[in-house]
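I have placed the structure first, in the form of C-alpha cells, so that the comments after it can refer back to it.
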Amino acid sequence: MAYVTRPYEIQYFATHEWVEPPARLLAPLLRVALARRGRLRVVEANEAEPPALRLETEIVALQHEFTVRPSQVRFALRARLDDASGRFVAETEIEATEQADSEDPYGGVVAANRAVGRVLEELAAWCAAAP
C-alpha cells in the first residue's frame with residue numbers, strides 16, 4: 001500500500017500489502033456499481049453481440065497521505081467510453097479524498113473503501129448519462 005509523507009515522494013508500507021492488485025479488487029465493485037444503475041450491464045467477452053459501449057478504467061491514484069492531519073486517502077480513477085467500433089465517446093477523471101479514522105494502514109484501508117465507493121457511484125452515474 002502506498003503512502004505519502006511529503007509531496008512527490010511515494011513510499012510503501014513494508015509489512016502490509018494488498019491481497020490482490022487493486023485493479024483486480026476494483027473489478028467486481030465496478031460491476032455492482034454499474035448494475036445498480038439499471039441501464040447498464042456488464043457484457044462478458046464470449047457474448048456473440050458486442051456491447052454498444054466499452055468502458056476502460058485506470059487507477060490514477062490510490063494513496064494514504066500523511067501530509068495533512070488527520071491523514072487522508074486519495075483515490076482517482078480515469079474512465080473512457082468508446083463505441084462498438086472503437087471510436088472515442090467520452091472521458092472523465094473522478095477523484096475522492098476521505099479522512100482516515102486512524103494514522104495506520106488499517107485506517108487507510110477503511111478510508112480507501114469509502115473513497116472507492118464514492119468514486120464508483122459517481123462513475124456509474126456518469127456512464128448512465130453517457131450518450
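Here's how to read the names in the C-alpha cells: chain A, B, ... by the order shown, residue numbers from 1 in each chain, ligand numbers from 1 in the order shown.
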
For Thr57 in chain A, please output as number ranges by chain all residues within 12 Å (counting only C-alpha atoms; exclusion window: fewer than 5 positions along the same chain). A: 23-24, 26-27, 30, 76-82, 91-94, 119-120, 123, 127

Keeping only N, CA and C atoms, take the residues you just selected and write them out as a compact mmCIF listing (two decimals), in the first residue's frame.
# COMPACT_ATOMS: atom_id res chain seq x y z
N ALA A 23 -6.46 -3.11 -8.95
CA ALA A 23 -7.34 -3.15 -10.14
C ALA A 23 -8.20 -4.41 -10.15
N ARG A 24 -7.66 -5.52 -9.72
CA ARG A 24 -8.43 -6.77 -9.68
C ARG A 24 -9.50 -6.71 -8.58
N LEU A 26 -10.96 -4.00 -7.68
CA LEU A 26 -11.92 -2.99 -8.12
C LEU A 26 -12.96 -3.54 -9.09
N ALA A 27 -12.59 -4.51 -9.90
CA ALA A 27 -13.47 -5.01 -10.97
C ALA A 27 -14.85 -5.45 -10.48
N LEU A 30 -16.89 -2.46 -9.36
CA LEU A 30 -17.32 -1.67 -10.52
C LEU A 30 -18.55 -2.30 -11.17
N ALA A 76 -8.21 8.23 -7.24
CA ALA A 76 -8.60 8.85 -8.51
C ALA A 76 -8.65 7.79 -9.59
N LEU A 77 -9.68 7.87 -10.41
CA LEU A 77 -9.92 6.90 -11.46
C LEU A 77 -10.19 7.63 -12.77
N ARG A 78 -9.51 7.23 -13.83
CA ARG A 78 -9.77 7.76 -15.18
C ARG A 78 -10.62 6.74 -15.91
N ALA A 79 -11.63 7.23 -16.61
CA ALA A 79 -12.52 6.34 -17.36
C ALA A 79 -12.72 6.88 -18.76
N ARG A 80 -12.83 5.94 -19.70
CA ARG A 80 -13.03 6.29 -21.10
C ARG A 80 -14.10 5.38 -21.68
N LEU A 81 -15.01 5.97 -22.42
CA LEU A 81 -16.04 5.22 -23.13
C LEU A 81 -15.76 5.29 -24.63
N ASP A 82 -15.80 4.13 -25.27
CA ASP A 82 -15.69 4.03 -26.72
C ASP A 82 -16.93 3.33 -27.24
N GLU A 91 -14.66 10.88 -21.91
CA GLU A 91 -13.63 10.54 -20.93
C GLU A 91 -13.82 11.41 -19.70
N THR A 92 -13.49 10.87 -18.54
CA THR A 92 -13.58 11.63 -17.29
C THR A 92 -12.53 11.14 -16.32
N GLU A 93 -12.24 11.96 -15.34
CA GLU A 93 -11.40 11.55 -14.22
C GLU A 93 -12.15 11.94 -12.96
N ILE A 94 -12.32 10.98 -12.08
CA ILE A 94 -13.09 11.19 -10.85
C ILE A 94 -12.17 10.93 -9.67
N VAL A 119 -16.27 7.16 -5.59
CA VAL A 119 -15.84 7.28 -6.99
C VAL A 119 -16.67 6.37 -7.89
N LEU A 120 -16.90 5.14 -7.46
CA LEU A 120 -17.65 4.21 -8.31
C LEU A 120 -19.11 4.64 -8.48
N LEU A 123 -18.93 7.38 -11.01
CA LEU A 123 -18.65 6.80 -12.32
C LEU A 123 -19.89 6.15 -12.91
N CYS A 127 -21.60 7.13 -16.44
CA CYS A 127 -21.85 6.16 -17.50
C CYS A 127 -23.32 6.14 -17.89

Quick one: DSSP alpha helix (DSSP H) residues in range 24-84 of chain A, as a count of residues only? 13

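Here CA of Pro22 in chain A is placed at a distance of 26.3 Å from CA of Ala129 in chain A.
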
Computed interatomic separation between CA of Arg36 in chain A and CA of Val73 in chain A (Å): 25.1 Å

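Across the model, the gap from CA of Gly117 in chain A to CA of Pro51 in chain A is 25.0 Å.
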
Within 8 Å of Ala100 in chain A, counting only C-alpha atoms, which residues show up once you throw out same-chain ones fewer than 3 positions away? Write them as a ChimeraX atom specification, please. /A:70-73,103,107-108,110-111

Would you export the selected residues with N, CA and C atoms as a compact mmCIF listing (two decimals), in the first residue's frame, please?
# COMPACT_ATOMS: atom_id res chain seq x y z
N PRO A 70 -5.93 15.15 10.31
CA PRO A 70 -5.67 13.72 10.22
C PRO A 70 -5.33 13.34 8.78
N SER A 71 -4.70 12.19 8.64
CA SER A 71 -4.30 11.74 7.30
C SER A 71 -5.53 11.44 6.47
N GLN A 72 -5.32 11.29 5.17
CA GLN A 72 -6.43 11.03 4.26
C GLN A 72 -5.98 10.08 3.16
N VAL A 73 -6.96 9.46 2.52
CA VAL A 73 -6.70 8.60 1.37
C VAL A 73 -7.28 9.28 0.15
N GLU A 103 -4.19 6.70 12.18
CA GLU A 103 -2.95 7.00 11.46
C GLU A 103 -2.12 5.74 11.22
N GLY A 107 -6.46 2.24 9.15
CA GLY A 107 -7.23 3.47 8.94
C GLY A 107 -7.24 3.87 7.48
N GLY A 108 -6.13 3.64 6.80
CA GLY A 108 -6.05 3.94 5.37
C GLY A 108 -6.94 3.04 4.54
N VAL A 110 -9.72 1.53 5.50
CA VAL A 110 -11.11 1.90 5.74
C VAL A 110 -11.46 3.16 4.94
N ALA A 111 -10.57 4.14 4.97
CA ALA A 111 -10.79 5.36 4.20
C ALA A 111 -10.78 5.08 2.70
